[in-house]
>>> print(open('start09.txt').read())   # compact mmCIF, C-alpha atoms
# COMPACT_ATOMS: atom_id res chain seq x y z
CA MET J 253 41.63 -11.42 75.80
CA ALA J 254 44.12 -10.20 73.19
CA LEU J 255 43.60 -6.66 71.97
CA ASP J 256 42.27 -6.35 68.43
CA ALA J 257 44.39 -4.57 65.77
CA LEU J 258 42.46 -1.29 65.93
CA SER J 259 42.53 -1.07 69.74
CA LYS J 260 46.29 -1.67 69.64
CA LEU J 261 46.81 1.17 67.16
CA LEU J 262 44.50 3.52 69.09
CA ALA J 263 46.51 2.78 72.24
CA SER J 264 49.78 3.66 70.52
CA ARG J 265 48.88 6.86 68.67
CA ASP J 266 47.00 10.15 69.22
CA TRP J 267 45.28 10.00 65.83
CA LEU J 268 44.86 7.49 63.02
CA MET J 269 44.15 8.24 59.39
CA ALA J 270 41.38 6.35 57.63
CA ASP J 271 40.92 6.17 53.86
CA GLY J 272 38.96 8.19 51.29
CA ALA J 273 36.20 7.46 48.78
CA THR J 274 35.41 4.06 47.35
CA GLY J 275 32.87 5.01 44.67
CA THR J 276 34.69 8.07 43.30
CA ASN J 277 37.89 6.05 42.87
CA LEU J 278 36.10 3.10 41.24
CA PHE J 279 34.13 5.34 38.83
CA ASN J 280 37.51 6.70 37.72
CA MET J 281 38.54 3.10 36.99
CA GLY J 282 35.49 2.49 34.81
CA LEU J 283 32.66 1.45 37.14
CA THR J 284 29.35 2.43 35.55
CA ALA J 285 26.33 3.91 37.31
CA GLY J 286 24.06 1.15 38.58
CA GLU J 287 26.80 -1.51 38.51
CA PRO J 288 27.37 -3.01 41.99
CA PRO J 289 30.99 -2.26 43.01
CA GLU J 290 31.02 -5.47 45.06
CA PHE J 291 30.98 -7.57 41.84
CA TRP J 292 34.43 -6.17 41.08
CA ASN J 293 35.86 -8.07 44.08
CA VAL J 294 35.46 -11.19 41.91
CA ASP J 295 35.47 -9.77 38.37
CA HIS J 296 38.28 -7.19 38.66
CA PRO J 297 40.33 -8.04 41.77
CA ASP J 298 43.36 -6.10 40.49
CA ARG J 299 41.34 -2.87 40.36
CA ILE J 300 40.23 -3.44 43.95
CA ARG J 301 43.83 -4.10 45.00
CA THR J 302 44.74 -0.79 43.30
CA LEU J 303 41.99 0.99 45.24
CA TYR J 304 43.22 -0.45 48.55
CA ARG J 305 46.89 0.13 47.77
CA GLY J 306 46.16 3.78 46.90
CA ALA J 307 44.86 4.38 50.44
CA VAL J 308 47.77 2.58 52.11
CA GLU J 309 50.41 4.35 50.00
CA ALA J 310 48.79 7.72 50.75
CA GLY J 311 49.29 7.05 54.48
CA SER J 312 46.03 5.48 55.69
CA ASP J 313 46.28 3.47 58.92
CA ILE J 314 42.79 2.04 58.34
CA PHE J 315 41.08 1.35 55.03
CA LEU J 316 37.60 0.08 54.21
CA THR J 317 36.71 -2.96 52.13
CA ASN J 318 34.73 -2.65 48.90
CA THR J 319 31.61 -4.14 50.51
CA PHE J 320 29.45 -1.11 51.32
CA GLY J 321 26.38 -2.49 49.52
CA GLY J 322 27.21 -6.11 50.28
CA ASN J 323 24.05 -7.01 52.20
CA ALA J 324 21.28 -9.28 50.90
CA SER J 325 18.78 -6.44 50.48
CA ARG J 326 21.10 -4.36 48.29
CA LEU J 327 22.45 -7.31 46.32
CA LYS J 328 18.91 -8.57 45.67
CA LEU J 329 18.45 -5.57 43.35
CA HIS J 330 20.99 -7.33 41.09
CA GLY J 331 19.75 -10.90 41.70
CA ALA J 332 22.86 -11.55 43.79
CA GLN J 333 21.39 -12.02 47.29
CA GLY J 334 22.92 -15.53 47.30
CA ARG J 335 26.45 -14.09 46.96
CA VAL J 336 26.69 -12.12 50.23
CA ARG J 337 29.26 -14.38 51.94
CA GLU J 338 31.38 -14.74 48.80
CA LEU J 339 31.54 -11.05 47.83
CA ASN J 340 32.30 -9.93 51.39
CA ARG J 341 34.86 -12.67 52.00
CA ILE J 342 36.76 -11.84 48.80
CA GLY J 343 36.51 -8.07 49.36
CA ALA J 344 38.11 -8.58 52.79
CA SER J 345 40.72 -11.13 51.68
CA LEU J 346 42.04 -8.78 48.95
CA ALA J 347 42.27 -6.09 51.64
CA ARG J 348 44.08 -8.44 54.03
CA GLU J 349 46.64 -9.15 51.30
CA ILE J 350 47.37 -5.41 50.79
CA ALA J 351 47.41 -4.62 54.54
CA ASP J 352 49.79 -7.50 55.30
CA ALA J 353 52.21 -6.28 52.60
CA ALA J 354 52.25 -2.69 53.94
CA GLY J 355 55.30 -3.11 56.16
CA ARG J 356 53.53 -1.32 59.05
CA PRO J 357 50.34 -2.01 61.02
CA VAL J 358 47.31 -1.28 58.81
CA VAL J 359 43.77 -2.13 59.89
CA VAL J 360 41.29 -3.75 57.47
CA ALA J 361 37.81 -2.38 58.21
CA GLY J 362 34.93 -4.38 56.76
CA SER J 363 32.54 -1.80 55.27
CA VAL J 364 28.88 -2.36 56.10
CA GLY J 365 26.45 0.16 54.62
CA PRO J 366 22.68 0.52 55.15
CA THR J 367 20.20 -2.05 53.87
CA GLY J 368 18.30 0.61 51.92
CA ASP J 369 15.08 -0.59 53.56
CA ILE J 370 12.90 1.35 56.02
CA PHE J 371 12.07 -0.08 59.42
CA GLU J 372 8.59 -0.84 60.72
CA PRO J 373 6.14 0.80 61.18
CA MET J 374 7.02 3.26 58.35
CA GLY J 375 8.45 0.44 56.22
CA THR J 376 8.61 -3.34 56.27
CA LEU J 377 12.07 -4.08 57.71
CA THR J 378 11.99 -5.86 61.08
CA HIS J 379 14.76 -5.78 63.68
CA SER J 380 15.40 -9.52 63.39
CA ALA J 381 15.60 -9.38 59.56
CA ALA J 382 18.09 -6.49 59.74
CA VAL J 383 20.23 -8.32 62.32
CA GLU J 384 20.22 -11.44 60.14
CA MET J 385 21.27 -9.47 57.04
CA PHE J 386 24.09 -7.67 58.83
CA HIS J 387 25.21 -10.89 60.54
CA GLU J 388 25.49 -12.72 57.22
CA GLN J 389 27.63 -9.88 55.84
CA ALA J 390 29.76 -9.73 59.01
CA GLU J 391 30.54 -13.46 58.81
CA GLY J 392 31.76 -13.06 55.20
CA LEU J 393 34.01 -10.14 56.21
CA LYS J 394 35.32 -12.11 59.19
CA GLU J 395 36.14 -15.12 56.99
CA GLY J 396 38.08 -12.83 54.63
CA GLY J 397 40.22 -11.49 57.47
CA ALA J 398 38.74 -8.08 58.32
CA ASP J 399 40.05 -6.76 61.65
CA VAL J 400 36.95 -4.74 62.52
CA LEU J 401 33.45 -4.13 61.11
CA TRP J 402 32.92 -0.57 59.89
CA ILE J 403 29.22 0.25 59.90
CA GLU J 404 28.72 3.51 58.01
CA THR J 405 26.35 6.03 56.40
CA ILE J 406 23.48 4.88 58.66
CA SER J 407 20.54 7.24 59.14
CA ALA J 408 18.15 5.26 61.39
CA ALA J 409 18.84 4.54 65.07
CA GLU J 410 17.13 1.13 64.68
CA GLU J 411 19.52 0.15 61.89
CA TYR J 412 22.58 1.19 63.93
CA LYS J 413 21.37 -0.96 66.85
CA ALA J 414 20.67 -3.94 64.57
CA ALA J 415 24.18 -3.71 63.08
CA ALA J 416 25.71 -3.55 66.59
CA GLU J 417 23.84 -6.70 67.54
CA ALA J 418 25.07 -8.45 64.38
CA ALA J 419 28.68 -7.50 65.20
CA LYS J 420 28.26 -9.15 68.59
CA LEU J 421 26.83 -12.31 67.02
CA ALA J 422 29.84 -12.47 64.70
CA GLY J 423 32.21 -11.87 67.62
CA MET J 424 33.71 -8.87 65.81
CA PRO J 425 34.79 -5.49 67.19
CA TRP J 426 33.07 -2.66 65.33
CA CYS J 427 32.98 1.05 64.60
CA GLY J 428 29.85 2.91 63.54
CA THR J 429 29.24 6.22 61.77
CA MET J 430 26.00 7.91 60.83
CA SER J 431 25.44 10.47 58.08
CA PHE J 432 24.14 13.86 59.21
CA ASP J 433 22.96 15.59 56.07
CA THR J 434 19.62 17.22 56.83
CA ALA J 435 20.36 20.44 58.71
CA GLY J 436 22.63 18.63 61.13
CA ARG J 437 20.36 15.60 61.53
CA THR J 438 20.36 12.19 59.90
CA MET J 439 17.66 11.50 57.28
CA MET J 440 15.63 9.85 60.03
CA GLY J 441 15.94 12.84 62.35
CA LEU J 442 18.73 11.85 64.77
CA THR J 443 21.05 14.62 66.05
CA SER J 444 24.73 14.40 67.03
CA ALA J 445 23.68 14.48 70.71
CA GLY J 446 21.19 11.69 69.99
CA LEU J 447 23.93 9.44 68.59
CA VAL J 448 26.18 10.01 71.64
CA GLU J 449 23.24 9.06 73.89
CA MET J 450 22.49 5.94 71.85
CA VAL J 451 26.12 4.74 71.83
CA LYS J 452 26.24 5.18 75.61
CA GLY J 453 23.30 2.79 76.00
CA LEU J 454 24.46 0.01 73.65
CA PRO J 455 25.07 -3.39 75.30
CA TYR J 456 27.89 -4.08 72.78
CA PRO J 457 29.56 -0.69 72.29
CA PRO J 458 31.74 0.31 69.31
CA LEU J 459 35.52 0.86 69.51
CA ALA J 460 34.87 4.29 67.94
CA PHE J 461 31.90 6.16 66.50
CA GLY J 462 31.16 9.33 64.61
CA ALA J 463 30.00 10.82 61.32
CA ASN J 464 30.72 10.22 57.65
CA CYS J 465 29.54 11.62 54.33
CA GLY J 466 26.83 14.27 54.83
CA VAL J 467 27.09 17.66 53.13
CA GLY J 468 30.70 18.82 53.20
CA ALA J 469 33.71 19.04 55.50
CA SER J 470 32.39 22.17 57.22
CA ASP J 471 29.00 20.66 58.18
CA LEU J 472 30.67 17.42 59.21
CA MET J 473 32.97 19.32 61.58
CA ARG J 474 29.96 21.06 63.14
CA THR J 475 28.45 17.63 63.82
CA VAL J 476 31.78 16.54 65.35
CA MET J 477 31.67 19.58 67.66
CA GLY J 478 28.22 18.34 68.75
CA PHE J 479 29.80 15.00 69.72
CA VAL J 480 32.68 16.76 71.51
CA ALA J 481 30.22 18.88 73.52
CA ALA J 482 28.65 15.67 74.89
CA SER J 483 32.06 14.37 76.16
CA PRO J 484 31.70 10.79 74.88
CA ALA J 485 33.75 8.01 76.48
CA VAL J 486 34.38 6.33 73.10
CA PRO J 487 36.92 7.65 70.50
CA LEU J 488 35.49 9.78 67.67
CA ILE J 489 35.59 9.24 63.90
CA ALA J 490 35.30 11.97 61.24
CA LYS J 491 35.08 11.00 57.56
CA GLY J 492 33.98 14.07 55.62
CA ASN J 493 33.33 14.58 51.92
CA ALA J 494 35.90 16.45 49.85
CA GLY J 495 33.78 19.56 49.48
CA ILE J 496 30.39 19.71 47.76
CA PRO J 497 29.41 17.77 44.61
CA LYS J 498 29.16 19.87 41.43
CA TYR J 499 27.86 18.58 38.11
CA HIS J 500 30.49 19.26 35.44
CA ASP J 501 30.82 17.96 31.85
CA GLY J 502 28.47 15.05 32.43
CA HIS J 503 29.96 13.85 35.71
CA ILE J 504 29.87 14.68 39.42
CA HIS J 505 32.98 16.42 40.70
CA TYR J 506 33.71 17.29 44.34
CA ASP J 507 35.12 20.80 44.75
CA GLY J 508 37.27 20.13 47.84
CA THR J 509 40.99 20.59 47.22
CA PRO J 510 43.77 18.64 48.96
CA GLU J 511 44.52 21.89 50.85
CA LEU J 512 40.91 22.12 52.12
CA MET J 513 40.98 18.49 53.27
CA ALA J 514 44.32 19.09 55.03
CA GLU J 515 42.70 21.99 56.96
CA TYR J 516 39.74 19.77 57.81
CA ALA J 517 42.01 16.95 59.05
CA VAL J 518 43.92 19.31 61.37
CA LEU J 519 40.69 20.87 62.70
CA ALA J 520 39.29 17.37 63.38
CA ARG J 521 42.47 16.35 65.22
CA ASP J 522 42.49 19.58 67.26
CA ALA J 523 38.84 18.95 68.19
CA GLY J 524 39.93 15.60 69.66
CA VAL J 525 38.90 13.23 66.85
CA ARG J 526 41.00 10.04 66.94
CA ILE J 527 40.21 8.56 63.50
CA ILE J 528 40.22 10.99 60.57
CA GLY J 529 39.45 10.17 56.95
CA GLY J 530 37.52 11.30 53.91
CA CYS J 531 34.34 10.16 52.20
CA CYS J 532 32.91 11.02 48.75
CA GLY J 533 35.37 12.72 46.41
CA THR J 534 38.40 12.02 48.63
CA MET J 535 41.21 10.73 46.42
CA PRO J 536 44.77 9.59 47.28
CA GLU J 537 46.09 13.12 46.67
CA HIS J 538 43.69 14.45 49.33
CA LEU J 539 44.82 11.73 51.76
CA LYS J 540 48.52 12.54 51.17
CA ALA J 541 47.87 16.21 51.98
CA MET J 542 45.89 15.24 55.09
CA ARG J 543 48.63 12.92 56.35
CA ALA J 544 51.36 15.52 55.73
CA ALA J 545 49.38 18.21 57.60
CA LEU J 546 48.58 15.91 60.54
CA GLU J 547 52.25 14.99 60.90
CA SER J 548 53.79 18.44 60.40
CA ARG J 549 51.35 20.88 61.98
CA PRO J 550 51.45 21.26 65.75
CA ARG J 551 48.29 20.58 67.72
CA GLY J 552 46.21 23.72 68.27
CA PRO J 553 43.28 24.61 70.54
CA VAL J 554 39.85 23.06 70.05
CA PRO J 555 38.38 25.00 67.10
CA SER J 556 35.30 27.20 67.41
CA LEU J 557 32.42 27.09 64.90
CA GLU J 558 33.76 30.43 63.59
CA ASP J 559 37.22 28.87 62.99
CA ILE J 560 35.60 25.98 61.12
CA GLN J 561 33.57 28.26 58.83
CA ALA J 562 36.58 30.53 58.20
CA LYS J 563 38.73 27.59 57.10
CA LEU J 564 36.24 25.19 55.49
CA GLY J 565 33.38 27.41 54.29
CA THR J 566 29.94 28.31 55.63
CA PHE J 567 27.49 25.73 56.97
CA SER J 568 24.67 24.63 54.68
CA SER J 569 22.01 25.29 57.35
CA THR J 570 21.70 27.64 60.31
CA SER J 571 20.99 24.86 62.81
CA ASP J 572 22.84 21.64 63.58
CA GLY J 573 19.62 20.11 64.88
CA THR J 574 20.69 19.93 68.53
CA ASP J 575 18.67 23.05 69.37
CA GLY J 576 15.43 21.35 68.33
CA ALA J 577 15.32 23.23 65.02
CA GLY J 578 15.72 21.54 61.67
CA PRO J 579 13.46 19.53 59.37
CA ALA J 580 11.60 16.34 60.15
CA ALA J 581 12.75 12.93 58.96
CA ARG J 582 12.71 11.82 55.36
CA GLU J 583 14.33 8.85 53.68
CA ARG J 584 16.64 8.44 50.71
CA ARG J 585 18.72 5.64 49.35
CA GLY J 586 22.24 6.66 48.45
CA ARG J 587 25.48 4.85 48.25
CA ARG J 588 28.85 5.90 49.46
CA GLY J 589 30.82 8.00 46.95
>>> encode(input="start09.txt", output="structure tokens")
Amino acid sequence: MALDALSKLLASRDWLMADGATGTNLFNMGLTAGEPPEFWNVDHPDRIRTLYRGAVEAGSDIFLTNTFGGNASRLKLHGAQGRVRELNRIGASLAREIADAAGRPVVVAGSVGPTGDIFEPMGTLTHSAAVEMFHEQAEGLKEGGADVLWIETISAAEEYKAAAEAAKLAGMPWCGTMSFDTAGRTMMGLTSAGLVEMVKGLPYPPLAFGANCGVGASDLMRTVMGFVAASPAVPLIAKGNAGIPKYHDGHIHYDGTPELMAEYAVLARDAGVRIIGGCCGTMPEHLKAMRAALESRPRGPVPSLEDIQAKLGTFSSTSDGTDGAGPAARERRGRRG
């Protein structure tokens, strides 16, 4: 079997750079709160091309499609549950166009976010319904030319497993990240060690896995160190937010500078992370600084938690959840910044 585009790149390089924020960039282009970004794939394709091109020109080897909320459950909130295939196909085909024009190998990752629904018995979502929803989205992304499915910001183990099964049904390689934002655990209580364990047991494993979003770059790196401690066989992904959101003059602003994100990128690489990117608040100028630092700064030793706090700021909680401390599960519905 021929190697997929991401496996080829991973085989040829020590680290790959992913992209930054989708939402933050689109809000800067005029997206309004409550408007589904996925509609812009059809209504404003040039703005989506600009978003994608910004990541590629800043040095990203992998960028995500504008399809994070492109599942039937999310789109139903806007009466658009019948447009899943179309919105995902077009989101991926615009990305394919930009990647193919890059003049170097660039991987199109089809973004698949959570359904926003809670699984049985706490909620009403069944495993088969979740698999069906993710499969429908995956087929649209595949038709549009995505190289790999990028399942992200997941907080429930059941949802991660359902998405993995859908990737298999679609015959697509996949990567999967969870969001650890509740004292080192996901909203539904999973720890970094718990994710490593789960990935190990999956019948259709990801090409890479890790963490995205969460609280800030410092907390995200602590979660990454939890993965590293468990010596996973699969490459790691880190996609941290550009600092912490602050409310300023009527809008949310992330306080992470390009310099901070450059430090974070180097720490992630030194920890052994293979795919490094940003999440909420990460703009092209952050990505440029990250790429420059990754290329120019020599590899150092695996960082300690003290190194991480000294360079990226203190952790938001005393525990990372792996010691059995930390709060119980709760649920929230967010979307990727």
>>> closest_residue(input="start09.txt", among="J:Ala545, J:Ile504, J:Leu459, J:Ile370", to="Leu261 in chain J", atoms="all atoms listed in the file")
J:Leu459
>>> closest_residue(input="start09.txt", among="J:Arg326, J:Arg543, J:Lys491, J:Arg337", to="Val308 in chain J", atoms="all atoms listed in the file")
J:Arg543
>>> closest_residue(input="start09.txt", among="J:Leu258, J:Ala398, J:Ala353, J:Ala408", to="Thr317 in chain J", atoms="only C-alpha atoms")
J:Ala398
>>> residues_around(input="start09.txt", residues="range 482-484 of chain J", least_positions_apart="2", cutoff="7 Å", atoms="all atoms listed in the file", output="count of residues only")
6
>>> residues_around(input="start09.txt", residues="range 418-425 of chain J", least_positions_apart="6", cutoff="10 Å", atoms="only C-alpha atoms", output="short mmCIF file (atom, residue, chain, number, x, y, z; two decimals) with C-alpha atoms, in the coordinates of the input")
data_model
loop_
_atom_site.label_atom_id
_atom_site.label_comp_id
_atom_site.auth_asym_id
_atom_site.auth_seq_id
_atom_site.Cartn_x
_atom_site.Cartn_y
_atom_site.Cartn_z
CA ASP J 256 42.27 -6.35 68.43
CA ALA J 257 44.39 -4.57 65.77
CA LEU J 258 42.46 -1.29 65.93
CA SER J 259 42.53 -1.07 69.74
CA ALA J 361 37.81 -2.38 58.21
CA SER J 380 15.40 -9.52 63.39
CA ALA J 382 18.09 -6.49 59.74
CA VAL J 383 20.23 -8.32 62.32
CA GLU J 384 20.22 -11.44 60.14
CA MET J 385 21.27 -9.47 57.04
CA PHE J 386 24.09 -7.67 58.83
CA HIS J 387 25.21 -10.89 60.54
CA GLU J 388 25.49 -12.72 57.22
CA GLN J 389 27.63 -9.88 55.84
CA ALA J 390 29.76 -9.73 59.01
CA GLU J 391 30.54 -13.46 58.81
CA GLY J 392 31.76 -13.06 55.20
CA LEU J 393 34.01 -10.14 56.21
CA LYS J 394 35.32 -12.11 59.19
CA ALA J 398 38.74 -8.08 58.32
CA ASP J 399 40.05 -6.76 61.65
CA VAL J 400 36.95 -4.74 62.52
CA LEU J 401 33.45 -4.13 61.11
CA TRP J 402 32.92 -0.57 59.89
CA ILE J 403 29.22 0.25 59.90
CA TYR J 412 22.58 1.19 63.93
CA PRO J 455 25.07 -3.39 75.30
CA TYR J 456 27.89 -4.08 72.78
CA PRO J 457 29.56 -0.69 72.29
CA PRO J 458 31.74 0.31 69.31
CA LEU J 459 35.52 0.86 69.51
CA ALA J 460 34.87 4.29 67.94
#
>>> closest_residue(input="start09.txt", among="J:Met450, J:Ala494, J:Ile489, J:Val358", to="Lys260 in chain J", atoms="all atoms listed in the file")
J:Val358
